file query-v6.cif (mmCIF, C-alpha atoms and all ligand atoms)
data_structure
#
loop_
_atom_site.label_atom_id
_atom_site.label_comp_id
_atom_site.auth_asym_id
_atom_site.auth_seq_id
_atom_site.Cartn_x
_atom_site.Cartn_y
_atom_site.Cartn_z
CA MET X 118 14.64 -3.50 -90.86
CA LYS X 119 15.81 -5.06 -87.60
CA LEU X 120 13.58 -4.98 -84.53
CA ILE X 121 15.52 -4.13 -81.35
CA GLU X 122 13.62 -6.07 -78.71
CA GLY X 123 14.21 -5.16 -75.09
CA LYS X 124 13.45 -8.53 -73.54
CA PRO X 125 16.51 -10.58 -74.59
CA ILE X 126 18.80 -7.65 -73.78
CA ALA X 127 17.15 -7.13 -70.38
CA GLU X 128 17.59 -10.88 -69.78
CA ALA X 129 21.35 -10.52 -70.35
CA VAL X 130 21.37 -7.74 -67.72
CA TYR X 131 19.37 -9.94 -65.31
CA ALA X 132 21.81 -12.83 -65.86
CA GLU X 133 24.63 -10.49 -64.75
CA CYS X 134 22.51 -9.39 -61.78
CA ARG X 135 21.88 -13.00 -60.72
CA SER X 136 25.53 -13.88 -60.84
CA GLU X 137 26.52 -10.78 -58.80
CA LEU X 138 23.64 -11.46 -56.40
CA GLU X 139 24.95 -14.98 -55.72
CA LYS X 140 28.36 -13.57 -54.79
CA LEU X 141 26.80 -10.98 -52.48
CA LYS X 142 24.55 -13.56 -50.84
CA ALA X 143 27.46 -15.95 -50.31
CA ALA X 144 29.19 -13.14 -48.41
CA GLY X 145 26.05 -12.54 -46.33
CA HIS X 146 24.68 -9.46 -48.12
CA LEU X 147 21.29 -8.88 -49.72
CA PRO X 148 20.60 -5.90 -52.01
CA GLY X 149 17.55 -3.90 -50.90
CA LEU X 150 15.47 -1.51 -52.99
CA ALA X 151 12.79 0.84 -51.68
CA VAL X 152 10.31 2.23 -54.19
CA VAL X 153 8.17 5.13 -53.03
CA LEU X 154 4.86 5.86 -54.75
CA VAL X 155 2.90 8.98 -53.80
CA GLY X 156 -0.72 9.13 -54.98
CA ASP X 157 -2.53 6.81 -57.32
CA ASP X 158 -1.59 7.74 -60.88
CA PRO X 159 -2.35 4.52 -62.77
CA ALA X 160 0.80 4.56 -64.95
CA SER X 161 3.05 5.22 -61.93
CA LYS X 162 1.27 2.46 -59.99
CA ALA X 163 1.92 0.04 -62.84
CA TYR X 164 5.64 0.98 -63.03
CA VAL X 165 6.10 0.65 -59.26
CA GLY X 166 4.31 -2.72 -59.30
CA SER X 167 6.66 -3.99 -62.03
CA LYS X 168 9.74 -2.80 -60.13
CA ASP X 169 8.57 -4.49 -56.94
CA ARG X 170 7.74 -7.74 -58.76
CA LYS X 171 11.14 -7.83 -60.46
CA CYS X 172 12.88 -7.35 -57.09
CA GLN X 173 10.99 -10.28 -55.65
CA GLU X 174 11.63 -12.43 -58.71
CA LEU X 175 15.39 -11.80 -58.46
CA GLY X 176 15.33 -12.33 -54.68
CA PHE X 177 16.23 -8.79 -53.57
CA HIS X 178 14.95 -7.29 -50.35
CA SER X 179 12.12 -5.08 -51.59
CA LEU X 180 10.09 -2.36 -49.90
CA LYS X 181 7.10 -0.79 -51.62
CA ILE X 182 6.00 2.36 -49.83
CA GLU X 183 2.65 3.77 -50.89
CA LEU X 184 1.67 7.21 -49.61
CA SER X 185 -1.56 9.08 -50.24
CA ALA X 186 -1.70 11.96 -52.74
CA ASP X 187 -2.15 14.48 -49.90
CA THR X 188 1.14 13.49 -48.23
CA SER X 189 3.06 16.56 -46.99
CA MET X 190 6.65 17.38 -47.87
CA GLU X 191 7.55 16.84 -44.18
CA THR X 192 6.16 13.30 -44.19
CA LEU X 193 7.82 12.43 -47.49
CA LEU X 194 11.20 13.85 -46.44
CA ALA X 195 10.97 12.02 -43.11
CA LYS X 196 10.34 8.76 -44.99
CA ILE X 197 13.38 9.38 -47.17
CA GLU X 198 15.51 10.11 -44.10
CA GLU X 199 14.33 6.82 -42.60
CA LEU X 200 15.32 4.94 -45.78
CA ASN X 201 18.68 6.77 -45.95
CA ALA X 202 19.41 5.49 -42.43
CA ASP X 203 18.19 1.92 -43.09
CA SER X 204 21.23 -0.27 -43.74
CA SER X 205 19.07 -3.00 -45.33
CA ILE X 206 18.16 -0.56 -48.13
CA HIS X 207 20.79 0.18 -50.79
CA GLY X 208 18.61 1.85 -53.40
CA ILE X 209 15.80 4.40 -53.08
CA LEU X 210 13.54 5.37 -55.96
CA VAL X 211 10.78 7.95 -55.69
CA GLN X 212 8.43 7.47 -58.62
CA LEU X 213 7.96 10.63 -60.68
CA PRO X 214 6.00 12.74 -61.36
CA LEU X 215 4.95 13.62 -57.80
CA PRO X 216 1.36 14.81 -57.34
CA GLY X 217 0.19 18.23 -56.18
CA ASP X 218 2.64 20.74 -54.77
CA LEU X 219 5.31 18.24 -53.75
CA GLU X 220 8.69 19.62 -54.83
CA GLU X 221 10.48 16.97 -56.88
CA ASP X 222 13.83 18.76 -56.71
CA THR X 223 13.82 18.93 -52.92
CA VAL X 224 12.74 15.30 -52.64
CA ILE X 225 15.46 14.04 -54.99
CA ARG X 226 18.12 16.10 -53.23
CA ALA X 227 17.07 14.48 -49.92
CA ILE X 228 18.04 11.00 -51.15
CA ASP X 229 21.52 9.88 -50.08
CA PRO X 230 23.46 10.02 -53.40
CA SER X 231 24.98 6.60 -52.66
CA LYS X 232 21.41 5.18 -52.63
CA ASP X 233 20.15 7.21 -55.60
CA VAL X 234 19.85 4.27 -58.02
CA ASP X 235 17.68 6.45 -60.28
CA GLY X 236 20.74 8.67 -60.91
CA LEU X 237 18.80 11.91 -60.53
CA HIS X 238 20.54 13.47 -57.52
CA PRO X 239 22.78 16.45 -58.47
CA VAL X 240 25.83 14.49 -57.26
CA ASN X 241 25.10 11.65 -59.68
CA LEU X 242 24.17 13.95 -62.56
CA GLY X 243 27.43 15.82 -61.87
CA LYS X 244 29.37 12.55 -61.94
CA LEU X 245 27.65 11.67 -65.22
CA ALA X 246 28.79 14.99 -66.70
CA MET X 247 32.31 14.44 -65.30
CA GLU X 248 32.39 10.82 -66.55
CA ASP X 249 33.08 9.64 -63.00
CA PRO X 250 32.20 5.92 -62.97
CA THR X 251 31.41 5.90 -59.23
CA GLY X 252 28.05 7.59 -59.91
CA PHE X 253 24.73 6.13 -61.02
CA ALA X 254 23.48 6.95 -64.51
CA PRO X 255 19.70 7.31 -64.94
CA CYS X 256 18.12 3.97 -65.85
CA THR X 257 16.29 4.73 -69.11
CA PRO X 258 19.28 6.45 -70.76
CA SER X 259 21.70 3.70 -69.71
CA GLY X 260 19.15 1.13 -70.91
CA CYS X 261 19.12 2.77 -74.37
CA GLN X 262 22.90 2.77 -74.47
CA ARG X 263 23.03 -0.89 -73.46
CA MET X 264 20.61 -1.75 -76.29
CA LEU X 265 22.89 -0.09 -78.84
CA VAL X 266 25.94 -1.90 -77.47
CA GLU X 267 24.23 -5.32 -77.38
CA MET X 268 22.94 -4.86 -80.94
CA GLY X 269 26.47 -4.04 -82.12
CA ILE X 270 25.34 -0.61 -83.34
CA GLU X 271 28.41 1.62 -83.65
CA THR X 272 28.03 5.01 -81.98
CA GLU X 273 31.56 6.36 -82.34
CA GLY X 274 31.58 9.43 -84.58
CA LYS X 275 27.89 8.97 -85.42
CA ASN X 276 25.31 11.72 -85.37
CA VAL X 277 22.96 11.08 -82.50
CA VAL X 278 19.94 13.37 -82.36
CA VAL X 279 17.94 13.31 -79.13
CA VAL X 280 14.46 14.84 -79.25
CA GLY X 281 13.50 15.93 -75.73
CA ARG X 282 15.54 17.66 -73.03
CA SER X 283 14.16 16.19 -69.80
CA LEU X 284 16.58 15.39 -67.01
CA LEU X 285 15.13 11.89 -66.72
CA VAL X 286 15.89 11.03 -70.35
CA GLY X 287 16.89 13.59 -73.01
CA LYS X 288 19.57 15.56 -71.21
CA SER X 289 21.02 12.46 -69.55
CA ILE X 290 21.18 10.37 -72.70
CA ALA X 291 22.96 13.24 -74.44
CA LEU X 292 25.62 13.22 -71.69
CA LEU X 293 26.01 9.44 -71.94
CA MET X 294 26.31 9.40 -75.73
CA MET X 295 28.85 12.23 -75.90
CA ALA X 296 31.07 10.69 -73.20
CA LYS X 297 34.27 8.87 -74.09
CA GLY X 298 34.18 5.10 -74.35
CA PRO X 299 32.32 2.19 -75.94
CA GLY X 300 28.67 2.82 -76.78
CA ALA X 301 29.44 6.56 -76.79
CA ASN X 302 31.91 8.94 -78.53
CA ALA X 303 28.98 10.24 -80.58
CA THR X 304 28.32 13.71 -82.00
CA VAL X 305 25.17 14.67 -80.12
CA THR X 306 22.44 17.17 -80.95
CA VAL X 307 19.59 17.81 -78.53
CA ALA X 308 16.39 19.06 -80.16
CA HIS X 309 13.30 20.16 -78.24
CA SER X 310 10.00 22.00 -78.49
CA ARG X 311 11.70 25.27 -79.50
CA THR X 312 13.88 23.72 -82.21
CA ARG X 313 13.32 25.31 -85.62
CA ASP X 314 12.58 23.00 -88.54
CA LEU X 315 12.77 19.82 -86.48
CA PRO X 316 12.61 17.39 -89.43
CA SER X 317 15.73 18.92 -90.98
CA VAL X 318 17.57 18.40 -87.68
CA THR X 319 16.34 14.87 -87.02
CA ARG X 320 17.12 13.81 -90.60
CA GLN X 321 20.79 14.34 -89.76
CA ALA X 322 20.58 11.50 -87.26
CA ASP X 323 22.33 8.20 -87.77
CA ILE X 324 20.76 7.33 -84.42
CA LEU X 325 17.53 9.12 -83.49
CA VAL X 326 16.34 9.00 -79.87
CA ALA X 327 12.72 10.07 -79.37
CA ALA X 328 11.97 11.17 -75.79
CA ILE X 329 9.23 13.74 -76.19
CA GLY X 330 6.28 12.13 -74.44
CA ARG X 331 3.83 12.69 -77.31
CA PRO X 332 2.23 9.75 -79.11
CA HIS X 333 3.42 9.16 -82.69
CA PHE X 334 5.15 12.55 -82.83
CA ILE X 335 8.03 11.32 -85.01
CA GLY X 336 6.91 10.50 -88.55
CA ALA X 337 8.64 9.38 -91.75
CA GLU X 338 9.58 12.99 -92.57
CA HIS X 339 11.80 13.11 -89.46
CA VAL X 340 13.88 10.04 -90.30
CA LYS X 341 16.78 9.51 -92.67
CA GLU X 342 16.84 6.31 -94.73
CA GLY X 343 18.91 3.71 -92.85
CA ALA X 344 18.76 5.40 -89.44
CA VAL X 345 18.53 3.58 -86.11
CA VAL X 346 15.51 4.76 -84.09
CA ILE X 347 15.23 4.41 -80.32
CA ASP X 348 11.71 5.17 -79.09
CA VAL X 349 11.65 6.07 -75.40
CA GLY X 350 7.99 7.14 -75.34
CA ILE X 351 5.38 5.16 -73.45
CA ASN X 352 2.05 6.90 -74.06
CA ARG X 353 -1.40 5.65 -73.18
CA VAL X 354 -3.92 6.29 -75.94
CA GLU X 355 -7.60 5.49 -75.70
CA ASP X 356 -8.60 2.36 -77.56
CA ALA X 357 -12.13 1.07 -77.08
CA THR X 358 -11.16 -2.28 -78.65
CA ALA X 359 -8.41 -2.87 -76.05
CA LYS X 360 -9.20 -4.85 -72.90
CA ARG X 361 -8.07 -2.03 -70.58
CA GLY X 362 -9.58 0.73 -72.73
CA TYR X 363 -6.17 2.01 -73.81
CA ARG X 364 -3.05 0.85 -75.57
CA LEU X 365 0.58 1.88 -75.28
CA VAL X 366 2.23 3.68 -78.17
CA GLY X 367 5.63 5.28 -78.55
CA ASP X 368 6.72 8.77 -79.56
CA VAL X 369 7.45 7.31 -83.00
CA ASP X 370 4.82 6.44 -85.59
CA PHE X 371 6.23 2.93 -85.89
CA ASP X 372 4.30 1.88 -89.01
CA ALA X 373 5.31 5.02 -90.92
CA VAL X 374 8.96 4.94 -89.84
CA ALA X 375 9.92 1.26 -89.57
CA GLU X 376 10.43 0.63 -93.28
CA LYS X 377 12.98 3.48 -93.52
CA CYS X 378 15.04 2.26 -90.57
CA GLU X 379 18.01 -0.01 -90.27
CA ALA X 380 16.78 -0.86 -86.78
CA ILE X 381 14.02 0.35 -84.47
CA THR X 382 12.73 -0.37 -80.96
CA PRO X 383 9.05 -1.33 -80.60
CA VAL X 384 6.63 0.04 -77.96
CA PRO X 385 5.82 -1.84 -75.83
CA GLY X 386 8.67 -4.36 -75.64
CA GLY X 387 11.56 -2.02 -76.39
CA VAL X 388 13.22 0.53 -74.12
CA GLY X 389 10.60 0.15 -71.34
CA VAL X 390 11.81 -3.25 -70.18
CA MET X 391 15.40 -1.98 -70.09
CA THR X 392 14.62 0.72 -67.52
CA ILE X 393 13.79 -1.82 -64.82
CA ALA X 394 16.76 -4.01 -65.76
CA MET X 395 19.15 -1.07 -65.32
CA LEU X 396 17.47 -0.18 -62.02
CA MET X 397 18.19 -3.68 -60.72
CA ARG X 398 21.78 -3.46 -61.95
CA ASN X 399 22.22 -0.08 -60.20
CA THR X 400 20.79 -1.55 -56.99
CA ILE X 401 23.31 -4.40 -57.09
CA ARG X 402 26.09 -1.83 -57.60
CA ALA X 403 24.79 0.28 -54.71
CA CYS X 404 24.92 -2.80 -52.49
CA GLN X 405 28.44 -3.70 -53.68
CA MET X 406 29.61 -0.14 -53.02
CA ALA X 407 28.05 -0.14 -49.53
CA VAL X 408 29.80 -3.44 -48.76
CA ALA X 409 33.14 -2.09 -50.03
CA ALA X 410 32.75 1.06 -47.92
CA SER X 411 31.90 -0.82 -44.71
N1 LIG C 1 8.83 8.01 -64.01
C1 LIG C 1 8.99 7.56 -65.27
N2 LIG C 1 10.21 6.99 -65.41
C2 LIG C 1 10.82 7.09 -64.21
C3 LIG C 1 12.10 6.69 -63.74
O1 LIG C 1 12.95 6.14 -64.44
N3 LIG C 1 12.36 6.99 -62.43
C4 LIG C 1 11.47 7.63 -61.64
N4 LIG C 1 11.82 7.89 -60.39
N5 LIG C 1 10.28 8.01 -62.05
C5 LIG C 1 9.97 7.75 -63.34
#
call {"tool": "encode", "arguments": {"input": "query-v6.cif", "output": "structure tokens", "more": "lines below"}}
Ligand code: GUN
result
Amino acid sequence: MKLIEGKPIAEAVYAECRSELEKLKAAGHLPGLAVVLVGDDPASKAYVGSKDRKCQELGFHSLKIELSADTSMETLLAKIEELNADSSIHGILVQLPLPGDLEEDTVIRAIDPSKDVDGLHPVNLGKLAMEDPTGFAPCTPSGCQRMLVEMGIETEGKNVVVVGRSLLVGKSIALLMMAKGPGANATVTVAHSRTRDLPSVTRQADILVAAIGRPHFIGAEHVKEGAVVIDVGINRVEDATAKRGYRLVGDVDFDAVAEKCEAITPVPGGVGVMTIAMLMRNTIRACQMAVAAS
């Protein structure tokens, strides 16, 4: 069994970012990313903090906007309009889920598609479906694909089974994997909560992508001998022995599944670190595209 660690692969992405950043800086441009956090969900706070820190580490212009949980749609949309109009900002990310009655769809649609580095605006999802390379692909799915490519795991003609149909991960990774080109050309099945006899479906997978959001949901009975398993889940489970009172576990029961796999991603240290790396790469691209259009 091979462990697919995110860190060295993310580092390769950061090395590309640094080299592109140098070129942009030499021409007098600095990529800028704005991350908007509404409310104080601890997991979202932690993600936003990591994104902001990575921006600073790479030397991007970084804006962290924290709004209270009772922020109105009007205020949030006005903030997005302000960021859309700010030429020092090339990427805008609104951390999901949004609290209360805030309408995620309306908020995402308000982001200028050319600044939607999260790849969730209908224009970018449409471009993903159309295989138009001028769009932005969502970060977690493109991070998973990059891991497969870097590990030399062939996807062409393989059975990829994705468990989970969210826009943020499941649906988008299915589009990426069924597209034409390297790291794709796969035969994709999307399974979800209404799928009948899930283990019989997931056991068809040469590459199994777990994006359900339930701790240890995928067990040995779901996995074919010799499969590659990509675990997208990041779940907090209570653990009185842990310093913070919880630990992070994936959607895959790693201990039960690992011995059957050809390769598997750990949690933490797997897909999670790739999401931020792809966000940085998308922000560089957004800046390059803005420069080219000016
Ligand atoms: N919440 C969990 N993952 C993500 C992500 O990739 N983007 C946004 N905007 N919110 C998230």
call {"tool": "residues_near_ligand", "arguments": {"input": "query-v6.cif", "ligand": "ligand LIG 1 (chain C)", "cutoff": "6 Å", "atoms": "only C-alpha atoms and all ligand atoms", "output": "ChimeraX atom specification"}}
result
/X:210-213,235,256-257
call {"tool": "closest_residue", "arguments": {"input": "query-v6.cif", "among": "X:Pro383, X:Pro316, X:Gly260, X:Gly166", "to": "Ala337 of chain X", "atoms": "all atoms listed in the file"}}
result
X:Pro316
call {"tool": "axis_aligned_box", "arguments": {"input": "query-v6.cif", "around": "segment 307-315 of chain X", "padding_each_side": "8 Å", "output": "AutoDock Vina command-line options"}}
result
--center_x 14.8 --center_y 21.6 --center_z -83.4 --size_x 25.6 --size_y 23.5 --size_z 26.3
call {"tool": "closest_residue", "arguments": {"input": "query-v6.cif", "among": "X:Val266, X:Ile401, X:Leu315, X:Ala254", "to": "Leu293 of chain X", "atoms": "all atoms listed in the file"}}
result
X:Ala254
call {"tool": "residues_near_point", "arguments": {"input": "query-v6.cif", "point": "(18.7, 1.2, -42.4)", "cutoff": "12 Å", "atoms": "only C-alpha atoms", "output": "list of chain:residue names"}}
result
X:Gly149, X:Leu150, X:Ala151, X:Leu180, X:Lys196, X:Ile197, X:Glu198, X:Glu199, X:Leu200, X:Asn201, X:Ala202, X:Asp203, X:Ser204, X:Ser205, X:Ile206, X:His207, X:Gly208, X:Ile209, X:Asp229, X:Lys232, X:Ala407
call {"tool": "residues_around", "arguments": {"input": "query-v6.cif", "residues": "segment 345-355 of chain X", "least_positions_apart": "6", "cutoff": "8 Å", "atoms": "only C-alpha atoms", "output": "number ranges by chain"}}
result
X: 257, 261, 323-332, 362-369, 378-385, 387-389
call {"tool": "write_last_selection", "arguments": {"input": "query-v6.cif", "atoms": "C-alpha atoms", "output": "CSV table (one decimal), keeping the file's coordinate frame"}}
result
chain,number,residue,atom,x,y,z
X,257,THR,CA,16.3,4.7,-69.1
X,261,CYS,CA,19.1,2.8,-74.4
X,323,ASP,CA,22.3,8.2,-87.8
X,324,ILE,CA,20.8,7.3,-84.4
X,325,LEU,CA,17.5,9.1,-83.5
X,326,VAL,CA,16.3,9.0,-79.9
X,327,ALA,CA,12.7,10.1,-79.4
X,328,ALA,CA,12.0,11.2,-75.8
X,329,ILE,CA,9.2,13.7,-76.2
X,330,GLY,CA,6.3,12.1,-74.4
X,331,ARG,CA,3.8,12.7,-77.3
X,332,PRO,CA,2.2,9.8,-79.1
X,362,GLY,CA,-9.6,0.7,-72.7
X,363,TYR,CA,-6.2,2.0,-73.8
X,364,ARG,CA,-3.0,0.8,-75.6
X,365,LEU,CA,0.6,1.9,-75.3
X,366,VAL,CA,2.2,3.7,-78.2
X,367,GLY,CA,5.6,5.3,-78.6
X,368,ASP,CA,6.7,8.8,-79.6
X,369,VAL,CA,7.4,7.3,-83.0
X,378,CYS,CA,15.0,2.3,-90.6
X,379,GLU,CA,18.0,0.0,-90.3
X,380,ALA,CA,16.8,-0.9,-86.8
X,381,ILE,CA,14.0,0.4,-84.5
X,382,THR,CA,12.7,-0.4,-81.0
X,383,PRO,CA,9.0,-1.3,-80.6
X,384,VAL,CA,6.6,0.0,-78.0
X,385,PRO,CA,5.8,-1.8,-75.8
X,387,GLY,CA,11.6,-2.0,-76.4
X,388,VAL,CA,13.2,0.5,-74.1
X,389,GLY,CA,10.6,0.2,-71.3
call {"tool": "closest_residue", "arguments": {"input": "query-v6.cif", "among": "X:Lys341, X:Lys124, X:Lys162, X:Arg263", "to": "Ala375 of chain X", "atoms": "all atoms listed in the file"}}
result
X:Lys341
call {"tool": "atom_distance", "arguments": {"input": "query-v6.cif", "atom1": "atom CA of Gly281 of chain X", "atom2": "atom CA of His309 of chain X"}}
result
4.9 Å
call {"tool": "atom_distance", "arguments": {"input": "query-v6.cif", "atom1": "atom CA of Gly386 of chain X", "atom2": "atom CA of Arg170 of chain X"}}
result
17.2 Å
call {"tool": "atom_distance", "arguments": {"input": "query-v6.cif", "atom1": "atom CA of Arg320 of chain X", "atom2": "atom CA of Glu248 of chain X"}}
result
28.6 Å
call {"tool": "closest_residue", "arguments": {"input": "query-v6.cif", "among": "X:Ile126, X:Ala296, X:Ala359, X:Leu193", "to": "Glu220 of chain X", "atoms": "only C-alpha atoms"}}
result
X:Leu193
call {"tool": "closest_residue", "arguments": {"input": "query-v6.cif", "among": "X:Gln262, X:Ser185, X:Thr392, X:Ser231", "to": "Leu285 of chain X", "atoms": "all atoms listed in the file"}}
result
X:Thr392
call {"tool": "residues_around", "arguments": {"input": "query-v6.cif", "residues": "Thr400 of chain X", "least_positions_apart": "2", "cutoff": "7 Å", "atoms": "all atoms listed in the file", "output": "mmCIF file with C-alpha atoms, in the frame of the given file"}}
result
data_model
loop_
_atom_site.group_PDB
_atom_site.id
_atom_site.type_symbol
_atom_site.label_atom_id
_atom_site.label_comp_id
_atom_site.auth_asym_id
_atom_site.auth_seq_id
_atom_site.Cartn_x
_atom_site.Cartn_y
_atom_site.Cartn_z
ATOM 1 C CA PRO X 148 20.600 -5.900 -52.010
ATOM 2 C CA LEU X 150 15.470 -1.510 -52.990
ATOM 3 C CA HIS X 207 20.790 0.180 -50.790
ATOM 4 C CA GLY X 208 18.610 1.850 -53.400
ATOM 5 C CA VAL X 234 19.850 4.270 -58.020
ATOM 6 C CA LEU X 396 17.470 -0.180 -62.020
ATOM 7 C CA MET X 397 18.190 -3.680 -60.720
ATOM 8 C CA ARG X 398 21.780 -3.460 -61.950
ATOM 9 C CA ARG X 402 26.090 -1.830 -57.600
ATOM 10 C CA ALA X 403 24.790 0.280 -54.710
ATOM 11 C CA CYS X 404 24.920 -2.800 -52.490
#
call {"tool": "closest_residue", "arguments": {"input": "query-v6.cif", "among": "X:Lys171, X:Val224, X:Pro214, X:Pro250", "to": "Glu191 of chain X", "atoms": "only C-alpha atoms"}}
result
X:Val224
call {"tool": "build_atoms", "arguments": {"input": "query-v6.cif", "residues": "segment 290-313 of chain X", "atoms": "N, CA and C atoms", "output": "PDB file, in the coordinates of the input"}}
result
ATOM      1  N   ILE X 290      20.693  11.240 -71.619  1.00  0.00           N
ATOM      2  CA  ILE X 290      21.180  10.370 -72.700  1.00  0.00           C
ATOM      3  C   ILE X 290      22.186  11.119 -73.558  1.00  0.00           C
ATOM      4  N   ALA X 291      21.993  12.438 -73.685  1.00  0.00           N
ATOM      5  CA  ALA X 291      22.960  13.240 -74.440  1.00  0.00           C
ATOM      6  C   ALA X 291      24.326  13.175 -73.758  1.00  0.00           C
ATOM      7  N   LEU X 292      24.350  13.294 -72.429  1.00  0.00           N
ATOM      8  CA  LEU X 292      25.620  13.220 -71.690  1.00  0.00           C
ATOM      9  C   LEU X 292      26.279  11.854 -71.868  1.00  0.00           C
ATOM     10  N   LEU X 293      25.468  10.801 -71.795  1.00  0.00           N
ATOM     11  CA  LEU X 293      26.010   9.440 -71.940  1.00  0.00           C
ATOM     12  C   LEU X 293      26.606   9.229 -73.328  1.00  0.00           C
ATOM     13  N   MET X 294      25.889   9.677 -74.359  1.00  0.00           N
ATOM     14  CA  MET X 294      26.310   9.400 -75.730  1.00  0.00           C
ATOM     15  C   MET X 294      27.515  10.239 -76.150  1.00  0.00           C
ATOM     16  N   MET X 295      27.700  11.407 -75.514  1.00  0.00           N
ATOM     17  CA  MET X 295      28.850  12.230 -75.900  1.00  0.00           C
ATOM     18  C   MET X 295      30.088  11.913 -75.063  1.00  0.00           C
ATOM     19  N   ALA X 296      29.930  11.055 -74.051  1.00  0.00           N
ATOM     20  CA  ALA X 296      31.070  10.690 -73.200  1.00  0.00           C
ATOM     21  C   ALA X 296      32.088   9.884 -74.024  1.00  0.00           C
ATOM     22  N   LYS X 297      33.261   9.707 -73.427  1.00  0.00           N
ATOM     23  CA  LYS X 297      34.270   8.870 -74.090  1.00  0.00           C
ATOM     24  C   LYS X 297      33.982   7.417 -73.760  1.00  0.00           C
ATOM     25  N   GLY X 298      34.302   6.519 -74.674  1.00  0.00           N
ATOM     26  CA  GLY X 298      34.180   5.100 -74.350  1.00  0.00           C
ATOM     27  C   GLY X 298      33.245   4.362 -75.265  1.00  0.00           C
ATOM     28  N   PRO X 299      33.172   3.024 -75.077  1.00  0.00           N
ATOM     29  CA  PRO X 299      32.320   2.190 -75.940  1.00  0.00           C
ATOM     30  C   PRO X 299      30.847   2.553 -75.767  1.00  0.00           C
ATOM     31  N   GLY X 300      30.096   2.465 -76.832  1.00  0.00           N
ATOM     32  CA  GLY X 300      28.670   2.820 -76.780  1.00  0.00           C
ATOM     33  C   GLY X 300      28.461   4.311 -76.665  1.00  0.00           C
ATOM     34  N   ALA X 301      29.527   5.090 -76.910  1.00  0.00           N
ATOM     35  CA  ALA X 301      29.440   6.560 -76.790  1.00  0.00           C
ATOM     36  C   ALA X 301      30.290   7.202 -77.880  1.00  0.00           C
ATOM     37  N   ASN X 302      31.065   8.252 -77.526  1.00  0.00           N
ATOM     38  CA  ASN X 302      31.910   8.940 -78.530  1.00  0.00           C
ATOM     39  C   ASN X 302      31.101   9.459 -79.717  1.00  0.00           C
ATOM     40  N   ALA X 303      29.838   9.788 -79.478  1.00  0.00           N
ATOM     41  CA  ALA X 303      28.980  10.240 -80.580  1.00  0.00           C
ATOM     42  C   ALA X 303      28.999  11.772 -80.674  1.00  0.00           C
ATOM     43  N   THR X 304      28.549  12.276 -81.809  1.00  0.00           N
ATOM     44  CA  THR X 304      28.320  13.710 -82.000  1.00  0.00           C
ATOM     45  C   THR X 304      26.834  13.932 -81.700  1.00  0.00           C
ATOM     46  N   VAL X 305      26.551  14.637 -80.626  1.00  0.00           N
ATOM     47  CA  VAL X 305      25.170  14.670 -80.120  1.00  0.00           C
ATOM     48  C   VAL X 305      24.503  16.027 -80.358  1.00  0.00           C
ATOM     49  N   THR X 306      23.285  15.984 -80.838  1.00  0.00           N
ATOM     50  CA  THR X 306      22.440  17.170 -80.950  1.00  0.00           C
ATOM     51  C   THR X 306      21.201  16.937 -80.093  1.00  0.00           C
ATOM     52  N   VAL X 307      20.820  17.926 -79.305  1.00  0.00           N
ATOM     53  CA  VAL X 307      19.590  17.810 -78.530  1.00  0.00           C
ATOM     54  C   VAL X 307      18.552  18.781 -79.104  1.00  0.00           C
ATOM     55  N   ALA X 308      17.478  18.229 -79.621  1.00  0.00           N
ATOM     56  CA  ALA X 308      16.390  19.060 -80.160  1.00  0.00           C
ATOM     57  C   ALA X 308      15.245  19.050 -79.158  1.00  0.00           C
ATOM     58  N   HIS X 309      14.413  20.069 -79.202  1.00  0.00           N
ATOM     59  CA  HIS X 309      13.300  20.160 -78.240  1.00  0.00           C
ATOM     60  C   HIS X 309      12.175  21.002 -78.820  1.00  0.00           C
ATOM     61  N   SER X 310      11.217  21.346 -77.989  1.00  0.00           N
ATOM     62  CA  SER X 310      10.000  22.000 -78.490  1.00  0.00           C
ATOM     63  C   SER X 310      10.270  23.349 -79.175  1.00  0.00           C
ATOM     64  N   ARG X 311      11.398  23.972 -78.883  1.00  0.00           N
ATOM     65  CA  ARG X 311      11.700  25.270 -79.500  1.00  0.00           C
ATOM     66  C   ARG X 311      12.638  25.144 -80.704  1.00  0.00           C
ATOM     67  N   THR X 312      12.985  23.925 -81.065  1.00  0.00           N
ATOM     68  CA  THR X 312      13.880  23.720 -82.210  1.00  0.00           C
ATOM     69  C   THR X 312      13.172  24.140 -83.496  1.00  0.00           C
ATOM     70  N   ARG X 313      13.900  24.892 -84.335  1.00  0.00           N
ATOM     71  CA  ARG X 313      13.320  25.310 -85.620  1.00  0.00           C
ATOM     72  C   ARG X 313      13.520  24.216 -86.648  1.00  0.00           C
TER      73      ARG X 313
END
